[in-house]
Amino acid sequence: MITLPPDYRPAEDEEFMNPLQVEYFRQRLLRWRQELLREADGTLASLSEGGIHESDITDRASVETDRALELRTRDRARKLIAKIDQALLRIETGTYGFCEETGEPIGLRRLDARPIATLSIEAQERHERMERVHRDD
């Protein structure tokens, strides 16, 4: 078990994905996952408060819109949790932080901004270019 110094931040001058960096990202992913689960519990509680009792059609439409938004948010959180779980699995297997396509390091700044990233910036840009080309068909 590795204990991180309280002010630890991964640095470019360290060995990429050394044990401290791996632990840093593992803890970040676990905290993010907890946060999403906590929010989902709140959403579930508000959704399960029963049917719509508004008699005014405008109020009823507003409640329906709020519910639809909550369900979309919940679905997005569920997908994010699945991606976080996949990232945690990559940590376990020792592949976290490396591009799925090239095997190159993804880069600390990208991982810090998006800890669930699976592609390096270059590979991601290639994918986006390909999507644009095929979308225009």
# chains A, B, ... in the order shown; residues from 1 in each chain; ligands from 1

call {"tool": "residues_around", "arguments": {"residues": "A:Gln34", "least_positions_apart": "3", "cutoff": "12 Å", "atoms": "only C-alpha atoms", "output": "list of chain:residue names"}}
result
A:Gln27, A:Arg28, A:Leu29, A:Leu30, A:Arg31, A:Leu37, A:Arg38, A:Glu39, A:Ala40, A:Asp41, A:Ala77, A:Arg78, A:Leu80, A:Ile81, A:Ile84, A:Asp85

call {"tool": "select_by_dssp", "arguments": {"residues": "chain A", "states": "helix (DSSP H, G or I)", "output": "MDAnalysis selection string"}}
result
chainID A and resid 19:47 57:93 108:113 121:135

call {"tool": "write_last_selection", "arguments": {"atoms": "C-alpha atoms", "output": "PDB file, in the first residue's frame"}}
result
ATOM      1  CA  PRO A  19       3.824   3.798  -8.120  1.00  0.00           C
ATOM      2  CA  LEU A  20       3.061   7.300  -6.738  1.00  0.00           C
ATOM      3  CA  GLN A  21       1.460   8.430 -10.004  1.00  0.00           C
ATOM      4  CA  VAL A  22      -0.578   5.248 -10.271  1.00  0.00           C
ATOM      5  CA  GLU A  23      -1.824   5.683  -6.700  1.00  0.00           C
ATOM      6  CA  TYR A  24      -2.602   9.364  -7.324  1.00  0.00           C
ATOM      7  CA  PHE A  25      -4.823   8.508 -10.299  1.00  0.00           C
ATOM      8  CA  ARG A  26      -6.364   5.498  -8.535  1.00  0.00           C
ATOM      9  CA  GLN A  27      -7.448   7.725  -5.638  1.00  0.00           C
ATOM     10  CA  ARG A  28      -8.748  10.414  -8.015  1.00  0.00           C
ATOM     11  CA  LEU A  29     -10.827   7.865  -9.902  1.00  0.00           C
ATOM     12  CA  LEU A  30     -12.200   6.359  -6.688  1.00  0.00           C
ATOM     13  CA  ARG A  31     -13.156   9.822  -5.329  1.00  0.00           C
ATOM     14  CA  TRP A  32     -14.842  10.739  -8.623  1.00  0.00           C
ATOM     15  CA  ARG A  33     -16.749   7.438  -8.590  1.00  0.00           C
ATOM     16  CA  GLN A  34     -17.936   8.055  -4.990  1.00  0.00           C
ATOM     17  CA  GLU A  35     -19.094  11.557  -5.914  1.00  0.00           C
ATOM     18  CA  LEU A  36     -21.104  10.266  -8.892  1.00  0.00           C
ATOM     19  CA  LEU A  37     -22.693   7.518  -6.784  1.00  0.00           C
ATOM     20  CA  ARG A  38     -23.630  10.034  -4.091  1.00  0.00           C
ATOM     21  CA  GLU A  39     -25.246  12.309  -6.709  1.00  0.00           C
ATOM     22  CA  ALA A  40     -27.054   9.335  -8.264  1.00  0.00           C
ATOM     23  CA  ASP A  41     -28.495   8.416  -4.859  1.00  0.00           C
ATOM     24  CA  GLY A  42     -29.844  11.959  -4.527  1.00  0.00           C
ATOM     25  CA  THR A  43     -31.362  11.807  -8.016  1.00  0.00           C
ATOM     26  CA  LEU A  44     -32.939   8.442  -7.292  1.00  0.00           C
ATOM     27  CA  ALA A  45     -34.437   9.743  -4.048  1.00  0.00           C
ATOM     28  CA  SER A  46     -36.000  12.754  -5.769  1.00  0.00           C
ATOM     29  CA  LEU A  47     -37.294  10.626  -8.664  1.00  0.00           C
ATOM     30  CA  ILE A  57     -50.547  21.914 -17.014  1.00  0.00           C
ATOM     31  CA  THR A  58     -47.559  24.296 -17.044  1.00  0.00           C
ATOM     32  CA  ASP A  59     -46.393  23.078 -13.632  1.00  0.00           C
ATOM     33  CA  ARG A  60     -46.845  19.483 -14.755  1.00  0.00           C
ATOM     34  CA  ALA A  61     -44.788  20.131 -17.921  1.00  0.00           C
ATOM     35  CA  SER A  62     -42.076  21.745 -15.806  1.00  0.00           C
ATOM     36  CA  VAL A  63     -41.936  18.720 -13.475  1.00  0.00           C
ATOM     37  CA  GLU A  64     -41.778  16.385 -16.502  1.00  0.00           C
ATOM     38  CA  THR A  65     -38.901  18.401 -17.988  1.00  0.00           C
ATOM     39  CA  ASP A  66     -37.024  18.318 -14.677  1.00  0.00           C
ATOM     40  CA  ARG A  67     -37.496  14.549 -14.458  1.00  0.00           C
ATOM     41  CA  ALA A  68     -36.276  13.999 -18.023  1.00  0.00           C
ATOM     42  CA  LEU A  69     -33.192  16.092 -17.264  1.00  0.00           C
ATOM     43  CA  GLU A  70     -32.536  14.123 -14.066  1.00  0.00           C
ATOM     44  CA  LEU A  71     -32.832  10.838 -15.955  1.00  0.00           C
ATOM     45  CA  ARG A  72     -30.399  12.040 -18.633  1.00  0.00           C
ATOM     46  CA  THR A  73     -27.972  13.193 -15.945  1.00  0.00           C
ATOM     47  CA  ARG A  74     -28.301   9.842 -14.212  1.00  0.00           C
ATOM     48  CA  ASP A  75     -27.641   7.976 -17.464  1.00  0.00           C
ATOM     49  CA  ARG A  76     -24.555  10.116 -18.102  1.00  0.00           C
ATOM     50  CA  ALA A  77     -23.300   9.388 -14.568  1.00  0.00           C
ATOM     51  CA  ARG A  78     -23.888   5.646 -15.089  1.00  0.00           C
ATOM     52  CA  LYS A  79     -21.787   5.727 -18.281  1.00  0.00           C
ATOM     53  CA  LEU A  80     -19.056   7.717 -16.515  1.00  0.00           C
ATOM     54  CA  ILE A  81     -18.969   5.216 -13.646  1.00  0.00           C
ATOM     55  CA  ALA A  82     -18.513   2.395 -16.181  1.00  0.00           C
ATOM     56  CA  LYS A  83     -15.581   4.306 -17.742  1.00  0.00           C
ATOM     57  CA  ILE A  84     -14.087   4.912 -14.289  1.00  0.00           C
ATOM     58  CA  ASP A  85     -14.392   1.182 -13.535  1.00  0.00           C
ATOM     59  CA  GLN A  86     -12.586   0.416 -16.801  1.00  0.00           C
ATOM     60  CA  ALA A  87      -9.817   2.879 -15.862  1.00  0.00           C
ATOM     61  CA  LEU A  88      -9.475   1.235 -12.427  1.00  0.00           C
ATOM     62  CA  LEU A  89      -9.197  -2.138 -14.166  1.00  0.00           C
ATOM     63  CA  ARG A  90      -6.421  -0.722 -16.377  1.00  0.00           C
ATOM     64  CA  ILE A  91      -4.639   0.373 -13.182  1.00  0.00           C
ATOM     65  CA  GLU A  92      -4.894  -3.217 -11.890  1.00  0.00           C
ATOM     66  CA  THR A  93      -3.514  -4.650 -15.141  1.00  0.00           C
ATOM     67  CA  LEU A 108       0.076  13.617 -17.329  1.00  0.00           C
ATOM     68  CA  ARG A 109      -1.705  16.856 -18.267  1.00  0.00           C
ATOM     69  CA  ARG A 110      -4.284  14.960 -20.332  1.00  0.00           C
ATOM     70  CA  LEU A 111      -4.794  12.347 -17.601  1.00  0.00           C
ATOM     71  CA  ASP A 112      -5.117  15.056 -14.972  1.00  0.00           C
ATOM     72  CA  ALA A 113      -7.807  16.754 -17.064  1.00  0.00           C
ATOM     73  CA  ILE A 121      -4.049  13.452 -27.818  1.00  0.00           C
ATOM     74  CA  GLU A 122      -2.662  12.489 -31.241  1.00  0.00           C
ATOM     75  CA  ALA A 123      -4.735   9.284 -31.423  1.00  0.00           C
ATOM     76  CA  GLN A 124      -7.845  11.144 -30.175  1.00  0.00           C
ATOM     77  CA  GLU A 125      -7.391  13.817 -32.859  1.00  0.00           C
ATOM     78  CA  ARG A 126      -7.025  11.096 -35.516  1.00  0.00           C
ATOM     79  CA  HIS A 127     -10.285   9.515 -34.340  1.00  0.00           C
ATOM     80  CA  GLU A 128     -12.088  12.864 -34.417  1.00  0.00           C
ATOM     81  CA  ARG A 129     -10.802  13.598 -37.941  1.00  0.00           C
ATOM     82  CA  MET A 130     -11.989  10.162 -39.111  1.00  0.00           C
ATOM     83  CA  GLU A 131     -15.406  10.726 -37.517  1.00  0.00           C
ATOM     84  CA  ARG A 132     -15.739  14.085 -39.296  1.00  0.00           C
ATOM     85  CA  VAL A 133     -14.784  12.538 -42.644  1.00  0.00           C
ATOM     86  CA  HIS A 134     -17.287   9.691 -42.265  1.00  0.00           C
ATOM     87  CA  ARG A 135     -20.029  11.936 -40.898  1.00  0.00           C
TER      88      ARG A 135
END

call {"tool": "atom_distance", "arguments": {"atom1": "atom CA of A:Tyr8", "atom2": "atom CA of A:Thr102"}}
result
28.4 Å

call {"tool": "atom_distance", "arguments": {"atom1": "atom CA of A:Thr118", "atom2": "atom CA of A:Phe98"}}
result
7.1 Å

call {"tool": "atom_distance", "arguments": {"atom1": "atom CA of A:Glu100", "atom2": "atom CA of A:Leu119"}}
result
5.8 Å

call {"tool": "closest_residue", "arguments": {"among": "A:Met17, A:Ala117, A:Ile2, A:Ala11", "to": "A:Cys99", "atoms": "only C-alpha atoms"}}
result
A:Ala117
